[in-house]
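This is final.cif. It holds mmCIF, C-alpha atoms and all ligand atoms.
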data_protein
loop_
_atom_site.label_atom_id
_atom_site.label_comp_id
_atom_site.auth_asym_id
_atom_site.auth_seq_id
_atom_site.Cartn_x
_atom_site.Cartn_y
_atom_site.Cartn_z
CA ARG A 1 128.66 114.31 80.02
CA ILE A 2 129.25 111.12 81.97
CA ILE A 3 128.86 111.13 85.75
CA ILE A 4 130.24 108.03 87.46
CA VAL A 5 128.78 107.31 90.89
CA SER A 6 130.26 104.51 93.00
CA GLY A 7 130.07 103.48 96.60
CA PRO A 8 129.83 100.27 98.55
CA SER A 9 126.69 98.17 98.58
CA GLY A 10 124.37 99.44 101.32
CA VAL A 11 125.73 102.98 101.33
CA GLY A 12 122.45 104.42 100.04
CA LYS A 13 123.45 105.31 96.46
CA GLY A 14 120.05 104.25 95.14
CA THR A 15 118.09 106.65 97.35
CA ILE A 16 120.42 109.57 96.63
CA LEU A 17 120.36 108.97 92.88
CA ARG A 18 116.59 108.56 92.70
CA THR A 19 116.16 111.91 94.46
CA VAL A 20 118.65 113.73 92.24
CA MET A 21 117.18 112.23 89.07
CA GLN A 22 113.65 113.30 90.01
CA GLN A 23 114.88 116.88 90.15
CA HIS A 24 116.94 116.83 86.93
CA GLU A 25 115.06 115.52 83.94
CA SER A 26 118.00 115.87 81.57
CA LEU A 27 119.93 113.24 83.50
CA HIS A 28 119.57 109.67 82.25
CA TYR A 29 120.19 106.65 84.42
CA SER A 30 122.20 104.00 82.62
CA VAL A 31 120.51 100.62 83.11
CA SER A 32 123.27 98.00 83.31
CA ALA A 33 123.24 94.40 82.18
CA THR A 34 123.88 91.76 84.84
CA SER A 35 124.06 88.01 85.18
CA ARG A 36 123.04 88.08 88.85
CA PRO A 37 119.67 86.58 89.83
CA MET A 38 116.73 88.98 90.22
CA ARG A 39 115.79 90.11 93.74
CA PRO A 40 112.15 90.61 94.70
CA GLU A 41 112.43 94.40 94.32
CA ASP A 42 114.09 94.19 90.88
CA ARG A 43 112.32 94.99 87.63
CA GLU A 44 113.59 93.89 84.22
CA GLY A 45 114.80 96.87 82.20
CA VAL A 46 114.48 99.20 85.20
CA SER A 47 116.98 98.00 87.78
CA TYR A 48 118.97 95.98 85.23
CA TYR A 49 118.70 94.03 82.01
CA PHE A 50 118.91 90.50 83.39
CA VAL A 51 120.79 88.12 81.11
CA SER A 52 122.39 84.68 81.40
CA ARG A 53 126.13 84.26 81.95
CA GLU A 54 126.43 82.96 78.39
CA ARG A 55 124.65 85.99 76.92
CA PHE A 56 126.81 88.32 79.03
CA GLU A 57 129.97 86.68 77.69
CA GLU A 58 128.65 87.12 74.14
CA MET A 59 128.12 90.84 74.86
CA ILE A 60 131.72 91.17 76.10
CA ALA A 61 133.05 89.36 73.01
CA ALA A 62 130.94 91.51 70.68
CA GLY A 63 132.27 94.72 72.31
CA GLU A 64 128.75 95.80 73.29
CA LEU A 65 129.78 97.06 76.76
CA LEU A 66 131.48 100.34 77.72
CA GLU A 67 132.93 98.52 80.75
CA HIS A 68 132.20 95.43 82.75
CA ALA A 69 133.17 93.87 86.05
CA CYS A 70 132.68 90.78 88.10
CA TYR A 71 130.91 91.59 91.36
CA ALA A 72 130.36 88.93 94.07
CA GLY A 73 130.63 86.20 91.43
CA ASN A 74 128.30 87.77 88.85
CA TYR A 75 128.92 89.96 85.86
CA CYS A 76 127.60 93.48 85.51
CA GLY A 77 128.37 96.00 82.78
CA THR A 78 127.39 99.25 81.10
CA VAL A 79 125.42 98.91 77.89
CA GLY A 80 126.27 102.48 76.90
CA GLU A 81 123.13 103.40 74.91
CA HIS A 82 122.93 106.93 76.43
CA VAL A 83 126.67 107.48 76.10
CA ALA A 84 126.45 106.55 72.41
CA ARG A 85 123.67 109.15 71.97
CA GLY A 86 125.78 111.81 73.75
CA GLU A 87 123.21 112.25 76.53
CA GLN A 88 123.96 113.28 80.13
CA VAL A 89 124.18 110.01 81.92
CA ILE A 90 124.72 108.66 85.41
CA LEU A 91 126.67 105.41 85.61
CA GLU A 92 126.10 103.71 88.95
CA ILE A 93 128.94 101.24 88.71
CA ASP A 94 131.53 99.58 90.92
CA VAL A 95 135.16 100.64 91.29
CA GLN A 96 136.56 98.12 88.77
CA GLY A 97 134.21 99.47 86.11
CA ALA A 98 134.70 103.10 87.12
CA LEU A 99 138.46 102.85 86.59
CA GLN A 100 137.86 101.49 83.07
CA VAL A 101 135.50 104.38 82.21
CA MET A 102 137.93 106.99 83.68
CA GLN A 103 140.64 105.65 81.36
CA ARG A 104 138.47 105.57 78.27
CA ARG A 105 136.67 108.83 79.04
CA PRO A 106 138.95 111.21 81.00
CA ASP A 107 136.22 113.89 80.74
CA ALA A 108 133.90 111.84 82.98
CA ILE A 109 133.03 113.27 86.40
CA SER A 110 133.61 110.74 89.18
CA VAL A 111 131.94 110.71 92.58
CA PHE A 112 132.43 108.23 95.41
CA ILE A 113 129.71 107.91 98.03
CA ALA A 114 131.11 106.78 101.38
CA PRO A 115 129.40 105.65 104.59
CA PRO A 116 129.81 107.83 107.69
CA SER A 117 131.56 104.99 109.57
CA TYR A 118 132.42 101.30 109.48
CA ALA A 119 129.80 100.50 112.14
CA GLU A 120 127.10 102.25 110.15
CA LEU A 121 128.02 100.41 106.94
CA LYS A 122 127.91 97.07 108.76
CA ARG A 123 124.53 97.92 110.24
CA ARG A 124 123.11 98.95 106.86
CA LEU A 125 124.36 95.77 105.15
CA ALA A 126 122.93 93.51 107.85
CA GLY A 127 119.70 95.49 107.82
CA ARG A 128 118.95 94.54 104.23
CA GLY A 129 116.54 91.71 105.07
CA ASP A 130 117.01 89.80 101.80
CA THR A 131 120.73 89.11 102.35
CA PRO A 132 121.91 85.86 104.02
CA PRO A 133 124.75 86.36 106.62
CA ASP A 134 127.52 84.79 104.51
CA ILE A 135 126.68 87.06 101.56
CA ALA A 136 126.42 90.10 103.88
CA ALA A 137 129.91 89.27 105.23
CA ARG A 138 131.25 89.00 101.69
CA ARG A 139 129.64 92.30 100.72
CA LEU A 140 131.15 93.96 103.81
CA HIS A 141 134.60 92.72 102.80
CA ILE A 142 134.11 94.01 99.23
CA ALA A 143 132.71 97.29 100.62
CA LEU A 144 135.83 97.91 102.73
CA GLU A 145 138.07 97.18 99.75
CA GLU A 146 135.99 99.61 97.69
CA CYS A 147 136.27 102.39 100.29
CA ARG A 148 140.04 102.16 99.93
CA GLN A 149 139.64 103.09 96.25
CA ALA A 150 137.85 106.39 96.94
CA LYS A 151 141.15 108.19 96.28
CA HIS A 152 140.78 107.55 92.52
CA TYR A 153 137.61 109.65 92.35
CA GLN A 154 137.42 113.42 91.86
CA TYR A 155 134.83 113.83 94.63
CA THR A 156 133.85 111.96 97.78
CA ILE A 157 130.47 112.49 99.43
CA ILE A 158 129.83 111.14 102.91
CA ASN A 159 126.26 109.92 103.19
CA ASP A 160 125.53 111.06 106.74
CA SER A 161 122.09 112.30 105.71
CA VAL A 162 120.28 111.84 102.42
CA GLY A 163 119.37 115.52 102.14
CA HIS A 164 122.98 116.58 102.58
CA ALA A 165 124.34 113.94 100.17
CA VAL A 166 121.78 114.94 97.52
CA GLN A 167 122.79 118.61 97.82
CA GLU A 168 126.46 117.74 97.45
CA LEU A 169 125.86 115.57 94.41
CA GLU A 170 123.79 118.30 92.78
CA ALA A 171 126.57 120.81 93.45
P1 LIG B 1 123.70 95.15 93.20
O1 LIG B 1 123.92 93.67 93.03
O2 LIG B 1 123.55 95.56 94.64
O3 LIG B 1 122.60 95.66 92.32
O4 LIG B 1 125.00 95.86 92.68
C1 LIG B 1 126.22 95.43 93.09
C2 LIG B 1 127.32 96.38 92.62
O5 LIG B 1 127.43 96.33 91.21
C3 LIG B 1 127.13 97.84 93.01
O6 LIG B 1 128.34 98.30 93.59
C4 LIG B 1 126.86 98.52 91.69
O7 LIG B 1 127.34 99.84 91.70
C5 LIG B 1 127.64 97.65 90.74
N1 LIG B 1 127.18 97.74 89.35
C6 LIG B 1 125.90 97.79 88.93
N2 LIG B 1 125.88 97.88 87.59
C7 LIG B 1 127.17 97.90 87.17
C8 LIG B 1 127.79 98.00 85.89
O8 LIG B 1 127.17 98.10 84.85
N3 LIG B 1 129.14 97.97 85.88
C9 LIG B 1 129.89 97.86 86.98
N4 LIG B 1 131.20 97.87 86.86
N5 LIG B 1 129.34 97.79 88.21
C10 LIG B 1 127.99 97.81 88.30
#
Rewrite the structure of this file - the entire thing - as structure tokens.
Ligand code: 5GP
Amino acid sequence: RIIIVSGPSGVGKGTILRTVMQQHESLHYSVSATSRPMRPEDREGVSYYFVSRERFEEMIAAGELLEHACYAGNYCGTVGEHVARGEQVILEIDVQGALQVMQRRPDAISVFIAPPSYAELKRRLAGRGDTPPDIAARRLHIALEECRQAKHYQYTIINDSVGHAVQELEA
């Protein structure tokens, strides 16, 4: 079973997913490949497999990815190792990628995690200390575009509190 989880940057997907995964050992988190630079909190093979642009393009050409997308100027994509093994897997991917997986795998469950309000999303994006203002503004723009795509998902969860969002995702 494939569970797609999307939501704008800063919405708190990471916290929700970590909590759910701690409680459900049969769920696997799909570690994506990306060409974006590492952030201080990133760990190779845990947050992502970090590869060069050239290597990413080779992976696309070789058909190694279940889906891929370009996000804020960098590539990211699903390697699909768990899917290939038929394991229960969570794909934390953006809307462009999610639409590709929904087409290829109509049996996938899709969940969109939305912020409680525009003001709260803006505050959360600015609050991420490692993000320069121009990049935060770009992320906010992308985030708003992404929220408009929530209609393509089977479920929408509003992250007004982590405990509540975790319960809804488990359900
Ligand atoms: P971040 O740079 O904050 O780690 O992630 C940026 C965005 O890329 C997030 O919306 C995240 O869901 C998305 N993303 C991460 N991995 C993948 C992937 O493998 N495929 C796609 N399509 N999006 C991804």
*What is the CA of Thr15 (chain A) to CA of Val162 (chain A) distance in Å?*
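One can read the CA of Thr15 (chain A) to CA of Val162 (chain A) distance as 7.6 Å.
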_What's around Thr34 (chain A) at 7 Å? Count all atoms listed in the file, leave out sequence neighbours fewer than 6 positions away in its own chain, and write the answer as a PyMOL selection string._
chain A and resi 48-51+75-77
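Proximity ranking of A:Ala137, A:Ala171, A:Ala62, A:Cys70 relative to ligand LIG 1 (chain B) places A:Cys70 first, based on all atoms listed in the file.
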Mind running chain A against ligand LIG 1 (chain B) at 6 Å and telling me each contacting residue's nearest atom pair with the distance in Å (one decimal), counting all atoms listed in the file, chain and number ascending, as a tab-separated table?
residue	atom	partner	partner_atom	distance
A:Ser6	CA	B:LIG1	O7	5.7
A:Pro8	CA	B:LIG1	O6	5.5
A:Ser9	CA	B:LIG1	O6	5.3
A:Ser32	CA	B:LIG1	O8	4.2
A:His68	CA	B:LIG1	N4	4.9
A:Ala69	CA	B:LIG1	N4	4.5
A:Tyr71	CA	B:LIG1	O5	5.9
A:Cys76	CA	B:LIG1	C8	4.5
A:Gly77	CA	B:LIG1	O8	3.2
A:Thr78	CA	B:LIG1	O8	3.9
A:Glu92	CA	B:LIG1	O7	4.9
A:Ile93	CA	B:LIG1	N5	3.5
A:Asp94	CA	B:LIG1	N5	3.9
A:Gln96	CA	B:LIG1	N4	5.7
A:Gly97	CA	B:LIG1	N4	3.5
Store the residues of this selection in a file with C-alpha atoms, as a PDB file, in the coordinates of the input.
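Final output, saved to part39.pdb:
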ATOM      1  CA  SER A   6     130.260 104.510  93.000  1.00  0.00           C
ATOM      2  CA  PRO A   8     129.830 100.270  98.550  1.00  0.00           C
ATOM      3  CA  SER A   9     126.690  98.170  98.580  1.00  0.00           C
ATOM      4  CA  SER A  32     123.270  98.000  83.310  1.00  0.00           C
ATOM      5  CA  HIS A  68     132.200  95.430  82.750  1.00  0.00           C
ATOM      6  CA  ALA A  69     133.170  93.870  86.050  1.00  0.00           C
ATOM      7  CA  TYR A  71     130.910  91.590  91.360  1.00  0.00           C
ATOM      8  CA  CYS A  76     127.600  93.480  85.510  1.00  0.00           C
ATOM      9  CA  GLY A  77     128.370  96.000  82.780  1.00  0.00           C
ATOM     10  CA  THR A  78     127.390  99.250  81.100  1.00  0.00           C
ATOM     11  CA  GLU A  92     126.100 103.710  88.950  1.00  0.00           C
ATOM     12  CA  ILE A  93     128.940 101.240  88.710  1.00  0.00           C
ATOM     13  CA  ASP A  94     131.530  99.580  90.920  1.00  0.00           C
ATOM     14  CA  GLN A  96     136.560  98.120  88.770  1.00  0.00           C
ATOM     15  CA  GLY A  97     134.210  99.470  86.110  1.00  0.00           C
TER      16      GLY A  97
END
*For CA of Glu120 (chain A) and CA of Tyr29 (chain A), determine how far apart the two atoms are, in Å to one decimal place.*
27.0 Å
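Computed from the coordinates, the CA of Gly10 (chain A) to CA of Glu170 (chain A) distance equals 20.7 Å.
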Could you list, as a CSV table (one decimal) with C-alpha atoms, keeping the file's coordinate frame, every residue within 8 Å of region 145-150 of chain A, counting only C-alpha atoms and ignoring same-chain residues fewer than 4 positions away?
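Generated file (out_26.csv):
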chain,number,residue,atom,x,y,z
A,7,GLY,CA,130.1,103.5,96.6
A,8,PRO,CA,129.8,100.3,98.6
A,95,VAL,CA,135.2,100.6,91.3
A,112,PHE,CA,132.4,108.2,95.4
A,114,ALA,CA,131.1,106.8,101.4
A,141,HIS,CA,134.6,92.7,102.8
A,156,THR,CA,133.8,112.0,97.8
*asked:* Would you pick out the contacts of Ile109 (chain A) at 9 Å or less, using only C-alpha atoms, so that residues sharing its chain but fewer than 3 positions from it are not included, and give the list as a ChimeraX atom specification?
replied: /A:1-5,102,106,153-155
*Which residue out of A:Ala119, A:Val101, A:Ile157, A:Leu91 has the minimum interatomic distance to Leu140 (chain A) when only C-alpha atoms are used?*
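Ranking A:Ala119, A:Val101, A:Ile157, A:Leu91 by distance to Leu140 (chain A), first place goes to A:Ala119.
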*Quick one: everything within 12 Å of His24 (chain A), counting all atoms listed in the file, minus sequence neighbours fewer than 3 positions away in the same chain. Send it as a count of residues only.*
14
*Using all atoms listed in the file, which residue out of A:Asp134, A:Glu168, A:Asp107, A:Asp160 lies closest to Ala72 (chain A)?*
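Among A:Asp134, A:Glu168, A:Asp107, A:Asp160, it is A:Asp134 that comes nearest to Ala72 (chain A).
Among A:Pro133, A:Arg43, A:Glu87, A:Ile158, the residue with the shortest atom-to-atom distance to Glu25 (chain A), counting all atoms listed in the file, is A:Glu87.
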*Of the residues A:Gln167, A:Leu65, A:Arg123, A:Ile113, which is the one nearest to Gln23 (chain A), using only C-alpha atoms?*
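With only C-alpha atoms as the atom set, the closest residue is A:Gln167.
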*Of the listed residues A:Pro116, A:Gly86, A:Gly80, A:Gly73, that which approaches Arg139 (chain A) most closely, counting all atoms listed in the file*: A:Gly73
Build an axis-aligned box that encloses every atom of region 96-108 of chain A listed in the file, pad it by 6 Å on each side, and report its centre and edge lengths in Å to one decimal, as AutoDock Vina command-line options.
--center_x 137.3 --center_y 106.0 --center_z 83.5 --size_x 18.7 --size_y 27.8 --size_z 22.5
